[in-house]
Structures are given as structure tokens and as C-alpha cells.
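Inspection log for the structure reproduced underneath, given as C-alpha cells.
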Amino acid sequence: MTKIGVVTFPGSLDERDAHRAIRLAGAEPVALWHGDHDLQGVDALVLPGGFSYGDYLRAGAIASISPIMTEVVAAANAGMPVLGICNGFQVLVEAHLLPGGLIRNDHGTFIRRDQVLKVECTDTAWTHQFEQGQDIVIPLKNGEGGYIADAETLAELEGEGRVVFRYRHVNPNGSLNDIAGITNAGRNVVGLMPHPEHAVEPGFGPDTSVAMRSGTDGLKLFTAAIEALQAV
Amino acid sequence: MPTIVVEVMPKAELLDPQGKAIAGALARTGRGEFQVRQGKRFELTVPGVVTQELLDEVREIAEHVLSNGVIEDVVGVRVLEPAARQEV
């Protein structure tokens, strides 16, 4: 069975939901610890949401130099699928696996909403089961989700089609170009601020036009990674 | 023991929501003439003497750990004079 590791840092919050999403998608979740130098033979990695080290220094900054990140960076550079969700996305940019940075929301407050995203890049390990241009609904909850990068980096991301998810209808945090998620040049590392692991089971997902809490669009990121790994 | 002070500010061209919120609060108390930007000050205390080599190493740490060059600038790395410290 495909094994997907979930790294717990001090202050991670959503690793159990990530485990549950991985299990529902049909793989075996493996708990990984920030202080180890061991990925336990997993096939893919999830860096979960939360507030590692209480967002001290900068969100994700201290976690990005924790022991296990040596192995995470090496595995990502060798092509392993890596998904960073919210704080996990912040860790990925601080570890330089993804370009740019995330700053405090422009309105200065924490925001929680069921957010419509447009899927713009479907050739990553995590998004190939979506249709190009498809709208999906994924819960968003963060205080520092404003994506920024210099003009050159933004042009590169846009030019190479590496903006994976874009906010639709409303820009909830001031992110440049409405960017909600991006990928690396190798298309194996994806980071996004919204939480796909909270949209995997009817009755517990975001509200959709069909019914309350019925949204399960997030499950496809996990089933996509499993399918990509099994195809190798 | 000598102390090295590192100061980091959000990049000038970026929105600083914290500074903006503080400016808004000041305006509500009748002091609306200020623009505010909020940065960070780190104090690194070391045993012994601060050599140029150590200062260079601290500058390296400041640029790669204490700040993120995408969103922030290191605006100062200096040794805190003992007299100045007492004043603080």
C-alpha cells in the first residue's frame, strides 16, 4: 500500500485530519516527527497546517530548519510528491522549495471561509485528477496567507503555468495575482493556503450549493498523488 | 558579555498590515499624522570579544535565518555599547 508521511512539528494542528484524508483516499498515513532524520520509507509527504513554533520569528521559519527538513528537501529535490498545506506551505517557502513568501493578511485579521478556487495547473502529482479551469470549494483558515513575490518571480510562475490554485470571486488575504497555491519547476512540490484535508468526507466538508458540509473536492489531491505513485 | 543587535524591517514596497493597524489605532487617539512600519530587533549576546569575523557571521545569520529576503530587509547589525545598554 502507498505510504504518505505527515510531518508533525511542535504546534502543528491538522496532522490528524491529514492522516484521515490519506486513509480515506486509500493510502497508509505514516506519522513523522520533526526531530528525526528518518522518512520511514514513505512514497510522498504532507506538511500539515497549524502554527509550528507559534509562528515565532516568521510563520514556518523555525520548522523549516528542523532536523527532518534535511531529508524532506532532499526527497523533494529527488522528485518525491510533497504537499504543503497552510503552515506547511509557509514551511516550504521558508525552506526555499517554493518561491515567494507569505505575509499577514492585508486586512490584518484571521479569516475562515469556504473558498472557491480555480484549478489552473493539472500536471502536478497532486492535481492531475482535476479538470483545467475547474472550480473547487476548499476551507481556508489563516492569519498569514498573503502570497507575495517579486515581479520577476511572479512572471516566471505565470509564464511557466505554475500557479496551481487561484482564489475565485474574492481575494481573501491580499495575495498577489489572487494566488492560493503554486508548484515548483519539477511539478512534484505543491503548496497552498486552503485546507484540502478538511474537504474529504460528506458531512464534514465545506458548504456547497448542493448541501451543507457536503464538499469533498479536497480528496482528489490525495487520490491524485496515490494514482501518480502507483503509475510509476 | 557583549551584545550584537540585529534589526529587521518589512520591505518598504510591501504592505505592512501591523504598522497600518498601529497607525489606525494612533489615529483613533487623535494622533493621525503618523505613518507606522513595524520591524523586529534581535539581541545576540555572546561571551568574549566581538571580532569582525563574528560580526560577519552574525550578518550571515541575520540574512538567512533572522530575516527572509523575500519579505524583509536587514537594516542594522551592530554591537550594543555597554553605556547605551545601561540607558536602556
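If you're wondering about the labels, chains in the C-alpha cells are A, B, ... by order shown, residues count from 1 in each chain, ligands from 1 in order shown.
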(message) Could you tell me which residues of chain B sit within 12 Å of chain A when counting only C-alpha atoms, and give me the result as a ChimeraX atom specification?
(response) /B:8,10-11,13-22,24,39-42,62,64-72
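Every residue of chain B with a DSSP assignment of strand (DSSP E), taken from the backbone, is listed as Thr3, Ile4, Val5, Val6, Glu7, Val8, Met9, Pro10, Lys40, Arg41, Phe42, Glu43, Leu44, Thr45, Glu72, Asp73, Val74, Val75, Gly76, Val77, Arg78, Val79 and Leu80 of chain B.
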(message) I want to know what sits within 6 Å of segment 133-146 of chain A, based on only C-alpha atoms, with residues of the same chain fewer than 4 positions away left out; could you give that as a PyMOL selection string?
(response) chain A and resi 102-105+110-120+173-175+194-196+217
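Proximity to Thr3 of chain B was assessed for B:Glu63, B:Glu43, B:Glu33, B:Asp73 counting only C-alpha atoms; the smallest distance is recorded for B:Glu43.
Of the residues listed (B:Gln52, B:Ala12, B:Ile4, B:Leu80), B:Ala12 shows the shortest atom-to-atom separation from Val36 of chain B; distances use only C-alpha atoms.
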Surrounding residues of segment 189-191 of chain A excluding itself and chain neighbours under 2 positions, 8 Å, only C-alpha atoms, as a short mmCIF file (atom, residue, chain, number, x, y, z; two decimals) with N, CA, C and O atoms, in the first residue's frame:
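This went into out26.cif:
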data_model
loop_
_atom_site.label_atom_id
_atom_site.label_comp_id
_atom_site.auth_asym_id
_atom_site.auth_seq_id
_atom_site.Cartn_x
_atom_site.Cartn_y
_atom_site.Cartn_z
N ALA A 76 12.30 16.00 -1.85
CA ALA A 76 11.58 16.88 -2.78
C ALA A 76 12.43 17.14 -4.02
O ALA A 76 11.94 17.09 -5.15
N MET A 80 10.12 13.42 -5.10
CA MET A 80 9.01 12.88 -4.31
C MET A 80 7.86 13.89 -4.24
O MET A 80 8.09 15.07 -4.05
N PRO A 81 6.60 13.42 -4.39
CA PRO A 81 5.48 14.34 -4.23
C PRO A 81 5.41 14.90 -2.80
O PRO A 81 5.43 14.14 -1.83
N VAL A 82 5.38 16.22 -2.69
CA VAL A 82 5.30 16.89 -1.38
C VAL A 82 4.16 17.91 -1.45
O VAL A 82 4.10 18.71 -2.39
N LEU A 83 3.27 17.86 -0.46
CA LEU A 83 2.16 18.82 -0.39
C LEU A 83 2.29 19.61 0.91
O LEU A 83 2.34 19.04 1.99
N GLY A 84 2.32 20.93 0.80
CA GLY A 84 2.36 21.79 1.98
C GLY A 84 1.03 22.53 2.10
O GLY A 84 0.63 23.23 1.17
N ILE A 85 0.36 22.35 3.23
CA ILE A 85 -0.95 22.94 3.43
C ILE A 85 -0.83 24.05 4.48
O ILE A 85 -0.39 23.78 5.61
N CYS A 86 -1.20 25.29 4.12
CA CYS A 86 -1.24 26.39 5.07
C CYS A 86 0.12 26.58 5.75
O CYS A 86 1.07 27.00 5.11
N GLY A 88 2.19 24.38 6.35
CA GLY A 88 3.09 23.56 5.55
C GLY A 88 3.59 24.29 4.31
O GLY A 88 4.74 24.15 3.90
N PHE A 89 2.71 25.11 3.69
CA PHE A 89 3.10 25.96 2.56
C PHE A 89 4.12 26.99 3.03
O PHE A 89 5.14 27.23 2.38
N LEU A 92 7.40 25.35 3.34
CA LEU A 92 8.02 25.09 2.03
C LEU A 92 8.67 26.34 1.44
O LEU A 92 9.74 26.26 0.84
N LEU A 97 11.86 25.56 -1.08
CA LEU A 97 11.37 24.55 -2.04
C LEU A 97 10.35 25.17 -2.98
O LEU A 97 10.09 24.64 -4.05
N LEU A 98 9.73 26.25 -2.55
CA LEU A 98 8.82 27.02 -3.40
C LEU A 98 9.22 28.49 -3.29
O LEU A 98 9.70 28.93 -2.24
N THR A 124 0.46 18.45 -12.05
CA THR A 124 1.26 18.12 -10.86
C THR A 124 0.80 16.77 -10.31
O THR A 124 -0.30 16.31 -10.62
N TRP A 126 -0.28 16.22 -7.53
CA TRP A 126 -1.41 16.38 -6.61
C TRP A 126 -2.69 16.86 -7.29
O TRP A 126 -3.75 16.87 -6.67
N VAL A 164 -1.04 27.03 -9.31
CA VAL A 164 -1.87 25.82 -9.29
C VAL A 164 -3.32 26.16 -8.95
O VAL A 164 -4.25 25.67 -9.59
N GLY A 181 -2.17 28.89 -4.46
CA GLY A 181 -1.25 27.76 -4.40
C GLY A 181 -0.35 27.73 -5.62
O GLY A 181 -0.74 28.19 -6.70
N ILE A 182 0.88 27.22 -5.44
CA ILE A 182 1.87 27.18 -6.53
C ILE A 182 2.60 25.85 -6.52
O ILE A 182 2.48 25.07 -5.57
N THR A 183 3.36 25.60 -7.60
CA THR A 183 4.17 24.39 -7.64
C THR A 183 5.60 24.75 -8.03
O THR A 183 5.87 25.88 -8.46
N ASN A 184 6.51 23.79 -7.88
CA ASN A 184 7.91 24.03 -8.24
C ASN A 184 8.12 23.66 -9.71
O ASN A 184 7.19 23.19 -10.38
N GLY A 186 9.66 21.23 -10.99
CA GLY A 186 9.50 19.80 -11.21
C GLY A 186 8.07 19.32 -11.09
O GLY A 186 7.78 18.15 -11.36
N ARG A 187 7.14 20.20 -10.69
CA ARG A 187 5.71 19.87 -10.55
C ARG A 187 5.43 18.80 -9.48
O ARG A 187 4.34 18.24 -9.47
N MET A 193 -2.58 27.63 0.58
CA MET A 193 -3.08 28.09 1.88
C MET A 193 -4.36 27.39 2.31
O MET A 193 -4.52 27.05 3.48
#
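Residues within 7 Å of Leu219 of chain A, counting only C-alpha atoms and excluding same-chain residues fewer than 4 positions away, are A:Ala21, A:Ala25, A:Pro196, A:Glu197, A:Ala199, A:Val200, A:Thr223.
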(message) Let me make sure I understand: among A:Val42, A:Gly11, A:Thr127, A:Lys3, which one has the smallest atom-to-atom distance to Glu28 of chain A if we use only C-alpha atoms?
(response) A:Lys3
12 Å contact set for Arg16 of chain A, only C-alpha atoms, chain neighbours under 3 positions out, as a short mmCIF file (atom, residue, chain, number, x, y, z; two decimals) with N, CA and C atoms, in the first residue's frame:
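Saved the output as part.cif:
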data_model
loop_
_atom_site.label_atom_id
_atom_site.label_comp_id
_atom_site.auth_asym_id
_atom_site.auth_seq_id
_atom_site.Cartn_x
_atom_site.Cartn_y
_atom_site.Cartn_z
N GLY A 5 3.72 10.12 4.27
CA GLY A 5 4.15 10.62 5.58
C GLY A 5 3.57 11.99 5.88
N VAL A 6 3.25 12.22 7.14
CA VAL A 6 2.77 13.53 7.58
C VAL A 6 3.70 13.98 8.71
N VAL A 7 4.38 15.10 8.50
CA VAL A 7 5.36 15.56 9.49
C VAL A 7 4.65 16.39 10.57
N THR A 8 4.85 16.01 11.81
CA THR A 8 4.34 16.81 12.92
C THR A 8 5.47 17.68 13.47
N SER A 12 1.97 21.97 15.16
CA SER A 12 1.12 21.52 14.05
C SER A 12 -0.27 21.24 14.61
N LEU A 13 -1.31 21.50 13.81
CA LEU A 13 -2.68 21.29 14.29
C LEU A 13 -3.44 20.26 13.48
N HIS A 19 -3.95 12.75 8.15
CA HIS A 19 -3.92 11.28 8.24
C HIS A 19 -5.24 10.70 7.75
N ARG A 20 -6.33 11.31 8.22
CA ARG A 20 -7.66 10.81 7.88
C ARG A 20 -7.91 10.94 6.37
N ALA A 21 -7.49 12.07 5.80
CA ALA A 21 -7.67 12.28 4.36
C ALA A 21 -6.90 11.23 3.56
N ILE A 22 -5.69 10.95 4.00
CA ILE A 22 -4.84 9.97 3.30
C ILE A 22 -5.48 8.58 3.38
N ARG A 23 -6.02 8.25 4.55
CA ARG A 23 -6.66 6.94 4.75
C ARG A 23 -7.91 6.83 3.86
N PRO A 29 -1.33 6.41 6.09
CA PRO A 29 -0.62 7.57 6.64
C PRO A 29 0.47 7.14 7.61
N VAL A 30 1.61 7.81 7.55
CA VAL A 30 2.73 7.49 8.44
C VAL A 30 3.09 8.76 9.20
N ALA A 31 3.06 8.66 10.53
CA ALA A 31 3.38 9.82 11.36
C ALA A 31 4.90 10.02 11.38
N LEU A 32 5.36 11.20 10.98
CA LEU A 32 6.79 11.53 11.00
C LEU A 32 7.00 12.66 12.01
N VAL A 46 3.30 15.01 3.33
CA VAL A 46 2.41 16.14 3.57
C VAL A 46 2.98 16.94 4.75
N LEU A 47 3.16 18.24 4.56
CA LEU A 47 3.48 19.13 5.68
C LEU A 47 2.17 19.80 6.06
N PRO A 48 1.66 19.53 7.27
CA PRO A 48 0.30 19.92 7.62
C PRO A 48 0.18 21.37 8.08
N GLY A 49 -1.07 21.77 8.27
CA GLY A 49 -1.35 23.12 8.76
C GLY A 49 -1.17 23.23 10.26
N GLY A 50 -1.23 24.45 10.74
CA GLY A 50 -1.09 24.70 12.17
C GLY A 50 -0.28 25.95 12.42
N GLU A 197 -7.49 18.84 3.21
CA GLU A 197 -7.76 17.71 4.12
C GLU A 197 -9.04 17.92 4.93
N HIS A 198 -9.60 19.14 4.88
CA HIS A 198 -10.88 19.40 5.55
C HIS A 198 -12.06 19.26 4.59
#
(request) Rounded to one decimal place, report the atom CA of Arg59 of chain B-atom CA of Gly76 of chain B distance in Å. (result) 9.0 Å
(request) Check segment 3-230 of chain A with DSSP on the backbone and list each residue it calls alpha helix (DSSP H), as a VMD selection string. (result) chain A and resid 15 to 25 68 to 77 87 to 94 151 to 159 219 to 230
